[in-house]
>>> print(open('entry21.pdb').read())   # PDB, C-alpha atoms and all ligand atoms
ATOM      1  CA  MET A   4       0.000   0.000   0.000
ATOM      2  CA  SER A   5       1.147   3.530  -0.639
ATOM      3  CA  LYS A   6       1.151   6.201   2.025
ATOM      4  CA  CYS A   7      -0.396   9.631   2.457
ATOM      5  CA  SER A   8       2.165  12.345   1.664
ATOM      6  CA  ILE A   9       1.023  14.459   4.615
ATOM      7  CA  CYS A  10       0.323  12.158   7.558
ATOM      8  CA  ASP A  11       2.057   8.906   6.534
ATOM      9  CA  HIS A  12      -1.144   6.928   7.125
ATOM     10  CA  GLU A  13      -1.921   4.269   4.532
ATOM     11  CA  ALA A  14      -3.627   5.936   1.591
ATOM     12  CA  ASN A  15      -6.792   4.498   0.081
ATOM     13  CA  GLU A  16      -5.790   5.784  -3.294
ATOM     14  CA  ARG A  17      -2.719   7.270  -4.913
ATOM     15  CA  VAL A  18      -3.101   8.098  -8.571
ATOM     16  CA  ARG A  19      -0.544   9.756 -10.809
ATOM     17  CA  ILE A  20      -2.207  12.461 -12.872
ATOM     18  CA  PRO A  21      -1.082  11.781 -16.446
ATOM     19  CA  SER A  22       1.148  14.397 -18.070
ATOM     20  CA  PHE A  23       1.483  16.403 -14.839
ATOM     21  CA  GLN A  24       3.966  15.706 -12.081
ATOM     22  CA  LYS A  25       1.190  15.423  -9.548
ATOM     23  CA  PHE A  26      -0.669  12.789  -7.544
ATOM     24  CA  ARG A  27      -4.233  12.548  -6.341
ATOM     25  CA  ILE A  28      -4.254  11.017  -2.886
ATOM     26  CA  SER A  29      -7.157   9.832  -0.751
ATOM     27  CA  CYS A  30      -6.465   9.449   2.935
ATOM     28  CA  GLU A  31      -8.995   8.669   5.661
ATOM     29  CA  ARG A  32      -7.459  11.426   7.777
ATOM     30  CA  CYS A  33      -6.516  14.106   5.264
ATOM     31  CA  GLY A  34      -9.307  13.589   2.733
ATOM     32  CA  THR A  35      -8.719  13.717  -1.016
ATOM     33  CA  TYR A  36      -6.164  16.186  -2.320
ATOM     34  CA  ILE A  37      -3.697  16.794  -5.133
ATOM     35  CA  ILE A  38      -0.011  17.246  -4.452
ATOM     36  CA  SER A  39       2.896  17.936  -6.770
ATOM     37  CA  GLU A  40       5.878  15.601  -6.752
ATOM     38  CA  GLU A  41       8.031  18.570  -5.772
ATOM     39  CA  ALA A  42       5.819  19.412  -2.781
ATOM     40  CA  GLU A  43       5.867  15.782  -1.731
ATOM     41  CA  SER A  44       9.651  15.667  -1.583
ATOM     42  CA  PHE A  45       9.647  19.056   0.153
ATOM     43  CA  LEU A  46       7.464  17.541   2.898
ATOM     44  CA  MET A  47       9.710  14.511   3.136
ATOM     45  CA  ASN A  48      13.029  16.350   3.258
ATOM     46  CA  ASN A  49      12.196  19.503   5.190
ATOM     47  CA  SER A  50      12.254  18.565   8.865
ATOM     48  CA  GLU A  51      11.069  22.027   9.960
ATOM     49  CA  ILE A  52       7.698  21.494   8.322
ATOM     50  CA  GLY A  53       7.119  18.303  10.338
ATOM     51  CA  GLY A  54       5.470  20.090  13.258
ATOM     52  CA  GLN A  55       3.077  21.874  10.910
ATOM     53  CA  LYS A  56       1.835  18.908   8.904
ATOM     54  CA  TYR A  57      -1.277  18.782  11.077
ATOM     55  CA  ILE A  58      -2.236  22.162   9.571
ATOM     56  CA  LEU A  59      -2.014  20.699   6.061
ATOM     57  CA  SER A  60      -4.077  17.666   7.160
ATOM     58  CA  GLY A  61      -6.714  19.966   8.616
ATOM     59  CA  TYR A  62      -6.739  22.112   5.496
ATOM     60  CA  THR A  63      -7.077  19.237   3.002
ATOM     61  CA  ARG A  64      -9.654  17.443   5.174
ATOM     62  CA  ASN A  65     -11.829  20.539   5.516
ATOM     63  CA  ALA A  66     -11.508  21.251   1.791
ATOM     64  CA  THR A  67     -12.724  17.704   1.091
ATOM     65  CA  LEU A  68     -15.636  18.311   3.439
ATOM     66  CA  THR A  69     -16.756  21.327   1.420
ATOM     67  CA  LYS A  70     -16.174  19.407  -1.830
ATOM     68  CA  LYS A  71     -13.271  21.648  -2.847
ATOM     69  CA  SER A  72     -10.242  19.640  -3.755
ATOM     70  CA  ALA A  73      -7.110  21.132  -2.198
ATOM     71  CA  GLU A  74      -4.002  21.290  -4.330
ATOM     72  CA  ILE A  75      -0.618  21.504  -2.658
ATOM     73  CA  SER A  76       2.453  22.768  -4.490
ATOM     74  CA  THR A  77       5.767  24.214  -3.360
ATOM     75  CA  SER A  78       4.503  27.665  -4.297
ATOM     76  CA  ASN A  79       1.396  27.623  -2.056
ATOM     77  CA  ILE A  80       2.406  25.336   0.811
ATOM     78  CA  ASN A  81       3.559  28.189   3.064
ATOM     79  CA  ASP A  82       0.452  30.247   2.278
ATOM     80  CA  ILE A  83      -1.761  27.303   3.249
ATOM     81  CA  ILE A  84       0.067  26.875   6.550
ATOM     82  CA  GLY A  85       0.028  30.619   7.209
ATOM     83  CA  SER A  86      -3.629  31.255   6.454
ATOM     84  CA  ALA A  87      -5.450  28.112   7.676
ATOM     85  CA  LYS A  88      -8.299  28.736  10.120
ATOM     86  CA  ILE A  89      -6.794  26.912  13.090
ATOM     87  CA  PRO A  90      -8.786  27.214  16.344
ATOM     88  CA  SER A  91      -6.883  29.710  18.493
ATOM     89  CA  ASP A  92      -7.715  28.103  21.850
ATOM     90  CA  PRO A  93      -9.471  25.037  23.338
ATOM     91  CA  LEU A  94     -12.863  26.783  23.405
ATOM     92  CA  GLU A  95     -12.625  27.531  19.706
ATOM     93  CA  ALA A  96     -11.600  23.921  19.038
ATOM     94  CA  ILE A  97     -14.709  22.735  20.920
ATOM     95  CA  ASP A  98     -16.828  25.217  18.947
ATOM     96  CA  THR A  99     -15.367  23.876  15.694
ATOM     97  CA  LEU A 100     -16.304  20.347  16.749
ATOM     98  CA  VAL A 101     -19.839  21.370  17.722
ATOM     99  CA  LEU A 102     -20.249  23.246  14.421
ATOM    100  CA  TYR A 103     -19.077  20.175  12.493
ATOM    101  CA  LEU A 104     -21.728  17.995  14.196
ATOM    102  CA  TYR A 105     -24.299  20.718  13.546
ATOM    103  CA  HIS A 106     -23.498  20.917   9.802
ATOM    104  CA  GLU A 107     -23.582  17.136   9.466
ATOM    105  CA  SER A 108     -26.876  16.892  11.328
ATOM    106  CA  THR A 109     -28.493  19.490   9.060
ATOM    107  CA  LYS A 110     -27.962  16.969   6.240
ATOM    108  CA  LYS A 111     -30.014  14.470   8.269
ATOM    109  CA  THR A 112     -32.346  15.130  11.202
ATOM    110  CA  PRO A 113     -31.559  16.611  14.645
ATOM    111  CA  ASP A 114     -32.021  13.209  16.329
ATOM    112  CA  SER A 115     -29.427  11.527  14.079
ATOM    113  CA  PHE A 116     -26.093  10.489  15.525
ATOM    114  CA  ILE A 117     -22.985  11.551  13.611
ATOM    115  CA  PRO A 118     -20.026   9.175  13.674
ATOM    116  CA  LEU A 119     -16.592  10.440  14.696
ATOM    117  CA  THR A 120     -13.704   8.063  14.030
ATOM    118  CA  GLN A 121     -10.076   7.966  15.097
ATOM    119  CA  ASN A 122      -9.165   9.389  11.703
ATOM    120  CA  ASP A 123     -11.351  12.472  12.094
ATOM    121  CA  TYR A 124      -9.051  14.583  14.254
ATOM    122  CA  PRO A 125      -7.869  16.811  11.343
ATOM    123  CA  LEU A 126     -11.481  18.069  11.053
ATOM    124  CA  ILE A 127     -10.799  20.481  13.916
ATOM    125  CA  TYR A 128      -7.030  20.811  13.367
ATOM    126  CA  SER A 129      -6.137  18.565  16.318
ATOM    127  CA  LYS A 130      -2.530  17.395  16.322
ATOM    128  CA  ASN A 131      -3.421  13.827  17.252
ATOM    129  CA  LEU A 132      -6.232  11.545  18.410
ATOM    130  CA  ASN A 133      -5.657  12.301  22.104
ATOM    131  CA  GLU A 134      -6.194  16.008  21.583
ATOM    132  CA  PHE A 135      -9.358  15.279  19.578
ATOM    133  CA  ASN A 136     -10.740  12.940  22.259
ATOM    134  CA  PHE A 137     -10.033  15.594  24.876
ATOM    135  CA  TYR A 138     -12.261  18.125  23.063
ATOM    136  CA  ILE A 139     -14.993  15.526  22.554
ATOM    137  CA  ARG A 140     -14.970  14.772  26.274
ATOM    138  CA  LYS A 141     -15.049  18.477  27.176
ATOM    139  CA  ALA A 142     -17.906  19.143  24.733
ATOM    140  CA  ILE A 143     -19.870  16.388  26.527
ATOM    141  CA  GLU A 144     -18.996  17.840  29.952
ATOM    142  CA  LEU A 145     -20.127  21.292  28.794
ATOM    143  CA  GLY A 146     -23.433  19.707  27.817
ATOM    144  CA  TYR A 147     -23.157  20.618  24.124
ATOM    145  CA  ILE A 148     -23.097  17.060  22.754
ATOM    146  CA  GLU A 149     -24.156  13.564  23.808
ATOM    147  CA  ASN A 150     -23.429  10.050  22.601
ATOM    148  CA  ASP A 151     -25.878   7.270  21.904
ATOM    149  CA  THR A 152     -24.970   4.865  24.694
ATOM    150  CA  TYR A 153     -23.133   5.062  27.976
ATOM    151  CA  ASP A 154     -20.320   2.794  26.822
ATOM    152  CA  ALA A 155     -17.486   3.840  24.545
ATOM    153  CA  SER A 156     -19.354   5.286  21.648
ATOM    154  CA  SER A 157     -18.215   7.034  18.535
ATOM    155  CA  GLU A 158     -21.504   8.611  17.487
ATOM    156  CA  TYR A 159     -22.584  12.016  18.707
ATOM    157  CA  ARG A 160     -25.329  14.610  18.335
ATOM    158  CA  LEU A 161     -26.119  18.075  19.698
ATOM    159  CA  THR A 162     -28.074  18.199  22.928
ATOM    160  CA  ILE A 163     -31.430  19.879  23.314
ATOM    161  CA  PRO A 164     -31.432  22.596  24.488
ATOM    162  CA  ARG A 165     -27.768  23.350  25.399
ATOM    163  CA  GLY A 166     -26.078  22.296  22.144
ATOM    164  CA  TRP A 167     -28.614  24.014  19.897
ATOM    165  CA  ILE A 168     -28.600  27.198  22.004
ATOM    166  CA  HIS A 169     -24.815  27.258  21.694
ATOM    167  CA  ILE A 170     -25.085  26.944  17.898
ATOM    168  CA  SER A 171     -27.469  29.865  17.675
ATOM    169  CA  GLU A 172     -25.065  31.964  19.778
ATOM    170  CA  LEU A 173     -22.147  30.988  17.532
ATOM    171  CA  ASN A 174     -24.109  31.908  14.418
ATOM    172  CA  LYS A 175     -24.913  35.327  15.864
ATOM    173  CA  VAL A 176     -21.261  35.980  16.635
ATOM    174  CA  THR A 177     -20.083  35.098  13.137
ATOM    175  CA  ARG A 178     -22.762  37.277  11.541
ATOM    176  CA  ALA A 179     -21.980  40.363  13.627
ATOM    177  CA  SER A 180     -18.352  41.112  12.797
ATOM    178  CA  ASN A 181     -16.244  42.523  15.600
ATOM    179  CA  GLN A 182     -13.595  43.857  13.266
ATOM    180  CA  VAL A 183     -12.828  47.550  12.909
ATOM    181  CA  PHE A 184     -10.824  48.621   9.866
ATOM    182  CA  ILE A 185      -8.448  51.588  10.216
ATOM    183  CA  ALA A 186      -7.684  53.603   7.091
ATOM    184  CA  MET A 187      -4.783  55.910   7.812
ATOM    185  CA  TRP A 188      -1.546  57.482   6.637
ATOM    186  CA  PHE A 189       1.391  55.149   7.094
ATOM    187  CA  ASP A 190       3.955  57.594   8.252
ATOM    188  CA  GLU A 191       6.095  57.784  11.358
ATOM    189  CA  LYS A 192       4.533  61.158  12.168
ATOM    190  CA  VAL A 193       1.167  59.559  12.892
ATOM    191  CA  ASN A 194       2.231  56.037  13.787
ATOM    192  CA  GLU A 195       1.802  56.694  17.493
ATOM    193  CA  ILE A 196      -1.945  57.152  17.052
ATOM    194  CA  TRP A 197      -2.219  53.532  15.884
ATOM    195  CA  GLU A 198      -0.421  52.262  18.981
ATOM    196  CA  ASN A 199      -1.761  54.737  21.540
ATOM    197  CA  ALA A 200      -5.209  55.686  20.263
ATOM    198  CA  PHE A 201      -6.794  53.380  17.679
ATOM    199  CA  LYS A 202      -5.645  50.024  19.063
ATOM    200  CA  PRO A 203      -6.448  50.677  22.761
ATOM    201  CA  ALA A 204      -9.746  52.484  22.034
ATOM    202  CA  ILE A 205     -11.079  49.719  19.798
ATOM    203  CA  LYS A 206      -9.978  46.955  22.145
ATOM    204  CA  HIS A 207     -11.554  48.857  25.035
ATOM    205  CA  VAL A 208     -14.986  48.552  23.427
ATOM    206  CA  GLY A 209     -14.444  44.841  22.703
ATOM    207  CA  PHE A 210     -13.598  45.068  19.018
ATOM    208  CA  ASN A 211     -10.632  43.937  16.989
ATOM    209  CA  PRO A 212      -8.614  46.631  15.162
ATOM    210  CA  ILE A 213      -6.966  45.877  11.824
ATOM    211  CA  ARG A 214      -5.047  47.942   9.317
ATOM    212  CA  ILE A 215      -3.055  47.099   6.228
ATOM    213  CA  ASP A 216       0.388  48.484   5.796
ATOM    214  CA  LYS A 217       0.678  49.290   2.132
ATOM    215  CA  THR A 218       4.420  49.435   2.184
ATOM    216  CA  GLU A 219       4.582  45.736   2.982
ATOM    217  CA  HIS A 220       2.402  44.515   0.143
ATOM    218  CA  ASN A 221       2.367  44.308  -3.615
ATOM    219  CA  GLU A 222      -0.224  45.659  -6.048
ATOM    220  CA  LYS A 223      -2.762  42.943  -5.138
ATOM    221  CA  ILE A 224      -3.344  44.871  -1.941
ATOM    222  CA  ASP A 225      -6.605  46.360  -3.160
ATOM    223  CA  ASP A 226      -8.334  42.971  -3.260
ATOM    224  CA  LYS A 227      -7.302  42.333   0.313
ATOM    225  CA  ILE A 228      -8.423  45.801   1.419
ATOM    226  CA  ILE A 229     -11.839  45.349  -0.200
ATOM    227  CA  ALA A 230     -12.271  41.940   1.436
ATOM    228  CA  ASP A 231     -11.206  43.196   4.856
ATOM    229  CA  ILE A 232     -13.407  46.292   4.735
ATOM    230  CA  SER A 233     -16.391  44.167   3.673
ATOM    231  CA  LYS A 234     -15.925  41.990   6.760
ATOM    232  CA  SER A 235     -15.732  44.957   9.150
ATOM    233  CA  ALA A 236     -18.413  46.342  11.431
ATOM    234  CA  LEU A 237     -16.960  49.840  11.244
ATOM    235  CA  LEU A 238     -14.257  51.809   9.450
ATOM    236  CA  ILE A 239     -12.238  54.636  10.968
ATOM    237  CA  ALA A 240     -10.684  57.022   8.471
ATOM    238  CA  ASP A 241      -7.957  59.332   9.716
ATOM    239  CA  LEU A 242      -7.523  62.146   7.211
ATOM    240  CA  THR A 243      -4.231  63.474   8.567
ATOM    241  CA  GLY A 244      -1.794  63.614   5.635
ATOM    242  CA  GLN A 245      -4.583  63.643   3.005
ATOM    243  CA  ARG A 246      -3.851  60.193   1.598
ATOM    244  CA  GLN A 247      -5.911  59.227  -1.446
ATOM    245  CA  GLY A 248      -6.065  55.629  -0.254
ATOM    246  CA  VAL A 249      -7.825  56.717   2.938
ATOM    247  CA  TYR A 250     -10.533  58.573   0.994
ATOM    248  CA  PHE A 251     -10.957  55.573  -1.312
ATOM    249  CA  GLU A 252     -11.281  53.054   1.536
ATOM    250  CA  ALA A 253     -13.735  55.252   3.437
ATOM    251  CA  GLY A 254     -15.757  55.867   0.273
ATOM    252  CA  PHE A 255     -15.959  52.151  -0.397
ATOM    253  CA  ALA A 256     -17.173  51.486   3.159
ATOM    254  CA  VAL A 257     -19.871  54.181   2.848
ATOM    255  CA  GLY A 258     -20.938  52.628  -0.452
ATOM    256  CA  ILE A 259     -21.580  49.221   1.070
ATOM    257  CA  GLY A 260     -23.291  50.582   4.161
ATOM    258  CA  ILE A 261     -20.520  50.260   6.745
ATOM    259  CA  PRO A 262     -20.479  53.180   9.216
ATOM    260  CA  VAL A 263     -17.417  55.430   9.004
ATOM    261  CA  ILE A 264     -15.912  57.556  11.769
ATOM    262  CA  TRP A 265     -13.744  60.404  10.460
ATOM    263  CA  THR A 266     -10.767  61.690  12.427
ATOM    264  CA  CYS A 267      -8.025  64.220  11.656
ATOM    265  CA  ARG A 268      -5.172  65.903  13.461
ATOM    266  CA  ASP A 269      -6.148  69.446  14.339
ATOM    267  CA  ASP A 270      -3.441  71.184  12.278
ATOM    268  CA  HIS A 271      -4.615  69.416   9.089
ATOM    269  CA  LYS A 272      -8.204  70.631   9.507
ATOM    270  CA  LYS A 273      -8.129  73.154   6.677
ATOM    271  CA  LYS A 274      -6.774  70.701   4.107
ATOM    272  CA  ILE A 275      -9.684  68.274   4.265
ATOM    273  CA  HIS A 276     -11.352  67.708   0.905
ATOM    274  CA  PHE A 277     -14.978  68.058   1.959
ATOM    275  CA  ASP A 278     -17.162  69.800   4.449
ATOM    276  CA  THR A 279     -16.346  67.916   7.634
ATOM    277  CA  ARG A 280     -19.158  69.512   9.628
ATOM    278  CA  GLN A 281     -21.486  67.337   7.643
ATOM    279  CA  TYR A 282     -19.564  64.243   8.688
ATOM    280  CA  ASN A 283     -18.862  65.217  12.283
ATOM    281  CA  CYS A 284     -15.109  64.648  12.143
ATOM    282  CA  ILE A 285     -13.149  64.105  15.375
ATOM    283  CA  PHE A 286     -10.228  66.549  15.526
ATOM    284  CA  TRP A 287      -7.387  65.551  17.801
ATOM    285  CA  LYS A 288      -4.190  67.094  19.143
ATOM    286  CA  ASN A 289      -2.631  64.039  20.779
ATOM    287  CA  PRO A 290      -3.264  60.268  20.978
ATOM    288  CA  GLU A 291      -4.727  60.434  24.494
ATOM    289  CA  GLU A 292      -7.396  62.883  23.423
ATOM    290  CA  LEU A 293      -8.148  60.862  20.274
ATOM    291  CA  LYS A 294      -8.469  57.644  22.289
ATOM    292  CA  GLU A 295     -11.048  59.141  24.679
ATOM    293  CA  LYS A 296     -13.101  60.724  21.917
ATOM    294  CA  LEU A 297     -12.995  57.556  19.846
ATOM    295  CA  ILE A 298     -14.275  55.346  22.637
ATOM    296  CA  ASN A 299     -17.311  57.597  23.031
ATOM    297  CA  ARG A 300     -17.925  57.823  19.314
ATOM    298  CA  ILE A 301     -17.583  54.073  18.671
ATOM    299  CA  GLU A 302     -19.999  53.348  21.465
ATOM    300  CA  ALA A 303     -22.444  55.832  20.003
ATOM    301  CA  THR A 304     -21.976  54.523  16.466
ATOM    302  CA  ILE A 305     -22.171  50.775  16.818
ATOM    303  CA  LEU A 306     -22.563  49.528  20.327
ATOM    304  CA  ILE A 307     -25.961  51.080  20.795
ATOM    305  CA  LYS A 308     -27.153  49.145  17.763
ATOM    306  CA  LYS A 309     -26.227  45.840  19.398
ATOM    307  CA  PRO A 310     -29.159  43.807  20.690
TER     308      PRO A 310
HETATM  309 ZN    ZN B   1      -3.170  11.654   5.539
END
>>> encode(input="entry21.pdb", output="C-alpha cells", more="lines below")
Ligand SMILES: [Zn+2]
Amino acid sequence: MSKCSICDHEANERVRIPSFQKFRISCERCGTYIISEEAESFLMNNSEIGGQKYILSGYTRNATLTKKSAEISTSNINDIIGSAKIPSDPLEAIDTLVLYLYHESTKKTPDSFIPLTQNDYPLIYSKNLNEFNFYIRKAIELGYIENDTYDASSEYRLTIPRGWIHISELNKVTRASNQVFIAMWFDEKVNEIWENAFKPAIKHVGFNPIRIDKTEHNEKIDDKIIADISKSALLIADLTGQRQGVYFEAGFAVGIGIPVIWTCRDDHKKKIHFDTRQYNCIFWKNPEELKEKLINRIEATILIKKP
C-alpha cells in the first residue's frame, strides 16, 4: 500500500495524474487532495515542516468536506500553513467540533447520531487523536453534545437545548463582525496614534482593530483591502496627511453601508477635501485625546445598535 504524503497513514488511493507531475491522494485522515511531486519531496526532506503537517491535514480534510479539492504545491504550501483557520484556543476547538456535528446533522435530522472516528481529528485541526478525544470529552462535559450509549461510543449529536442554544449563539457571533478597519496614513509622524489611540480604544470597546500596511504589500493589496473592509463592522478614516487611499477606503465602506468615523489631526483641519461639519469629524491634538473621543464615538456609532 502507498502512504499519504502528509500524515504517513496508509492511503486508500494514490493516482498519478497523467502528463502532470502530480498525484491525487485519498487518505482517511486528510481527505482527497492533489499534491505535486516537488511538494511531496519538500514535505519529506524539510524537517522544519514536520510540526506543521497537522495544519495541512486539517486544510485538506476541511476542503474535502466542502467538496473543494485542495491542491498543494511548493509555491502555495507556506500560504496554506500561514492562512489556515486553526482554532486559536481550546474553546474555539470545541466550537469547531460542535459546528461540524451541527453541519452534518443538518444533512439528516436533529435526532441523528454523527459518527466520529479515530481518523477524524484533522477536522478540527487537532494534532493527534488524544487532543481530539479531549475536546470531545469536554464538549460532553459542557453539555453541548451527547453520545448514543453510555459505553465507549463514537456517534454524537447536539443536545437539546444546550447544544442548539450554543449553535445559535455561535451563528450570531459570526454574523456580527467585531472587526474595525483603520484607514490611515502610514507615516512615522502619525504612527503613534495607531499604537496609543486606535488600538487601545477599539480593544476597550471589545472590538478587533486591523489595518493594512501598504508598504509591505504588492499591487494585489486592493483585493485584500476590499475583502477586509467588507468583513468589518466599522471603518475609521484618519484624514491626517490627506492620503488618497484613505478617501478611497472610506468611500468604499460608505458605499456598502458600513459606518465610518472620520478623524483628523487638528493642524490638518483646513486641508480636508470636503465639508467635515457634515460628517462630524473628530479633531485631535494628541493620541490620548483621540483615544477618549474615539471610545465615546464608537460606542455611540455601533454599540448602541447591538441587541
Ligand atoms: Zn493523511
>>> residues_near_ligand(input="entry21.pdb", ligand="ligand ZN 1 (chain B)", cutoff="10 Å", atoms="only C-alpha atoms and all ligand atoms", output="JSON list (two decimals) with C-alpha atoms, in the coordinates of the input")
[["chain", "number", "residue", "atom", "x", "y", "z"],
["A", 6, "LYS", "CA", 1.15, 6.20, 2.02],
["A", 7, "CYS", "CA", -0.40, 9.63, 2.46],
["A", 8, "SER", "CA", 2.16, 12.34, 1.66],
["A", 9, "ILE", "CA", 1.02, 14.46, 4.62],
["A", 10, "CYS", "CA", 0.32, 12.16, 7.56],
["A", 11, "ASP", "CA", 2.06, 8.91, 6.53],
["A", 12, "HIS", "CA", -1.14, 6.93, 7.12],
["A", 13, "GLU", "CA", -1.92, 4.27, 4.53],
["A", 14, "ALA", "CA", -3.63, 5.94, 1.59],
["A", 15, "ASN", "CA", -6.79, 4.50, 0.08],
["A", 28, "ILE", "CA", -4.25, 11.02, -2.89],
["A", 29, "SER", "CA", -7.16, 9.83, -0.75],
["A", 30, "CYS", "CA", -6.46, 9.45, 2.94],
["A", 31, "GLU", "CA", -8.99, 8.67, 5.66],
["A", 32, "ARG", "CA", -7.46, 11.43, 7.78],
["A", 33, "CYS", "CA", -6.52, 14.11, 5.26],
["A", 34, "GLY", "CA", -9.31, 13.59, 2.73],
["A", 35, "THR", "CA", -8.72, 13.72, -1.02],
["A", 36, "TYR", "CA", -6.16, 16.19, -2.32],
["A", 56, "LYS", "CA", 1.84, 18.91, 8.90],
["A", 57, "TYR", "CA", -1.28, 18.78, 11.08],
["A", 59, "LEU", "CA", -2.01, 20.70, 6.06],
["A", 60, "SER", "CA", -4.08, 17.67, 7.16],
["A", 61, "GLY", "CA", -6.71, 19.97, 8.62],
["A", 63, "THR", "CA", -7.08, 19.24, 3.00],
["A", 64, "ARG", "CA", -9.65, 17.44, 5.17],
["A", 122, "ASN", "CA", -9.16, 9.39, 11.70],
["A", 125, "PRO", "CA", -7.87, 16.81, 11.34]]
>>> resolve_selection(input="entry21.pdb", expression="the PyMOL selection byres (((chain A and resi 182) around 7) and not hetatm)", output="list in words")
Ser180, Asn181, Val183, Phe184, Phe210, Asn211, Pro212, Ser235 and Ala236 of chain A
>>> residues_around(input="entry21.pdb", residues="segment 73-77 of chain A", least_positions_apart="6", cutoff="6 Å", atoms="only C-alpha atoms", output="ChimeraX atom specification")
/A:36-39,42,63,66
>>> atom_distance(input="entry21.pdb", atom1="atom CA of Ser44 of chain A", atom2="atom CA of Gln121 of chain A")
27.0 Å
>>> closest_atom_pairs(input="entry21.pdb", of="segment 50-93 of chain A", to="segment 137-140 of chain A", cutoff="12 Å", atoms="all atoms listed in the file", output="tab-separated table")
residue	atom	partner	partner_atom	distance
A:Pro90	CA	A:Tyr138	CA	11.8
A:Asp92	CA	A:Tyr138	CA	11.0
A:Pro93	CA	A:Tyr138	CA	7.5
>>> write_last_selection(input="entry21.pdb", atoms="C-alpha atoms", output="PDB file, in the frame of the given file")
ATOM      1  CA  PRO A  90      -8.786  27.214  16.344  1.00  0.00           C
ATOM      2  CA  ASP A  92      -7.715  28.103  21.850  1.00  0.00           C
ATOM      3  CA  PRO A  93      -9.471  25.037  23.338  1.00  0.00           C
TER       4      PRO A  93
END
>>> resolve_selection(input="entry21.pdb", expression="the PyMOL selection byres (((chain A and resi 115) around 12) and not hetatm)", output="VMD selection string")
chain A and resid 104 to 114 116 to 118 149 to 151 158 to 162
>>> atom_distance(input="entry21.pdb", atom1="atom CA of Leu297 of chain A", atom2="atom CA of Phe189 of chain A")
19.4 Å
>>> resolve_selection(input="entry21.pdb", expression="the PyMOL selection byres (((chain A and resi 242-248) around 8) and not hetatm)", output="list of chain:residue names")
A:Ala186, A:Met187, A:Trp188, A:Val193, A:Ala240, A:Asp241, A:Val249, A:Tyr250, A:Phe251, A:Glu252, A:Trp265, A:Thr266, A:Cys267, A:Arg268, A:His271, A:Lys274, A:Ile275
>>> write_last_selection(input="entry21.pdb", atoms="C-alpha atoms", output="PDB file, in the coordinates of the input")
ATOM      1  CA  ALA A 186      -7.684  53.603   7.091  1.00  0.00           C
ATOM      2  CA  MET A 187      -4.783  55.910   7.812  1.00  0.00           C
ATOM      3  CA  TRP A 188      -1.546  57.482   6.637  1.00  0.00           C
ATOM      4  CA  VAL A 193       1.167  59.559  12.892  1.00  0.00           C
ATOM      5  CA  ALA A 240     -10.684  57.022   8.471  1.00  0.00           C
ATOM      6  CA  ASP A 241      -7.957  59.332   9.716  1.00  0.00           C
ATOM      7  CA  VAL A 249      -7.825  56.717   2.938  1.00  0.00           C
ATOM      8  CA  TYR A 250     -10.533  58.573   0.994  1.00  0.00           C
ATOM      9  CA  PHE A 251     -10.957  55.573  -1.312  1.00  0.00           C
ATOM     10  CA  GLU A 252     -11.281  53.054   1.536  1.00  0.00           C
ATOM     11  CA  TRP A 265     -13.744  60.404  10.460  1.00  0.00           C
ATOM     12  CA  THR A 266     -10.767  61.690  12.427  1.00  0.00           C
ATOM     13  CA  CYS A 267      -8.025  64.220  11.656  1.00  0.00           C
ATOM     14  CA  ARG A 268      -5.172  65.903  13.461  1.00  0.00           C
ATOM     15  CA  HIS A 271      -4.615  69.416   9.089  1.00  0.00           C
ATOM     16  CA  LYS A 274      -6.774  70.701   4.107  1.00  0.00           C
ATOM     17  CA  ILE A 275      -9.684  68.274   4.265  1.00  0.00           C
TER      18      ILE A 275
END
>>> closest_residue(input="entry21.pdb", among="A:Met47, A:Ile89, A:Ile52, A:Leu293", to="Glu195 of chain A", atoms="all atoms listed in the file")
A:Leu293
>>> closest_residue(input="entry21.pdb", among="A:Leu145, A:Tyr62, A:Glu198, A:Asn79", to="Tyr124 of chain A", atoms="all atoms listed in the file")
A:Tyr62
>>> atom_distance(input="entry21.pdb", atom1="atom CA of Gly146 of chain A", atom2="atom CA of Ile58 of chain A")
28.1 Å
>>> axis_aligned_box(input="entry21.pdb", around="segment 77-87 of chain A", padding_each_side="8 Å", output="lines of an AutoDock Vina configuration file")
center_x = 0.2
center_y = 27.7
center_z = 1.7
size_x = 27.2
size_y = 23.0
size_z = 28.0
>>> closest_residue(input="entry21.pdb", among="A:Ala230, A:Glu95, A:Ile298, A:Phe23", to="Gly209 of chain A", atoms="only C-alpha atoms")
A:Ile298
>>> closest_residue(input="entry21.pdb", among="A:Ser233, A:Gln24, A:Asn174, A:Ser129", to="Pro262 of chain A", atoms="only C-alpha atoms")
A:Ser233
>>> closest_residue(input="entry21.pdb", among="A:Ile127, A:Ile196, A:Ile170, A:Ile205", to="Ser91 of chain A", atoms="only C-alpha atoms")
A:Ile127
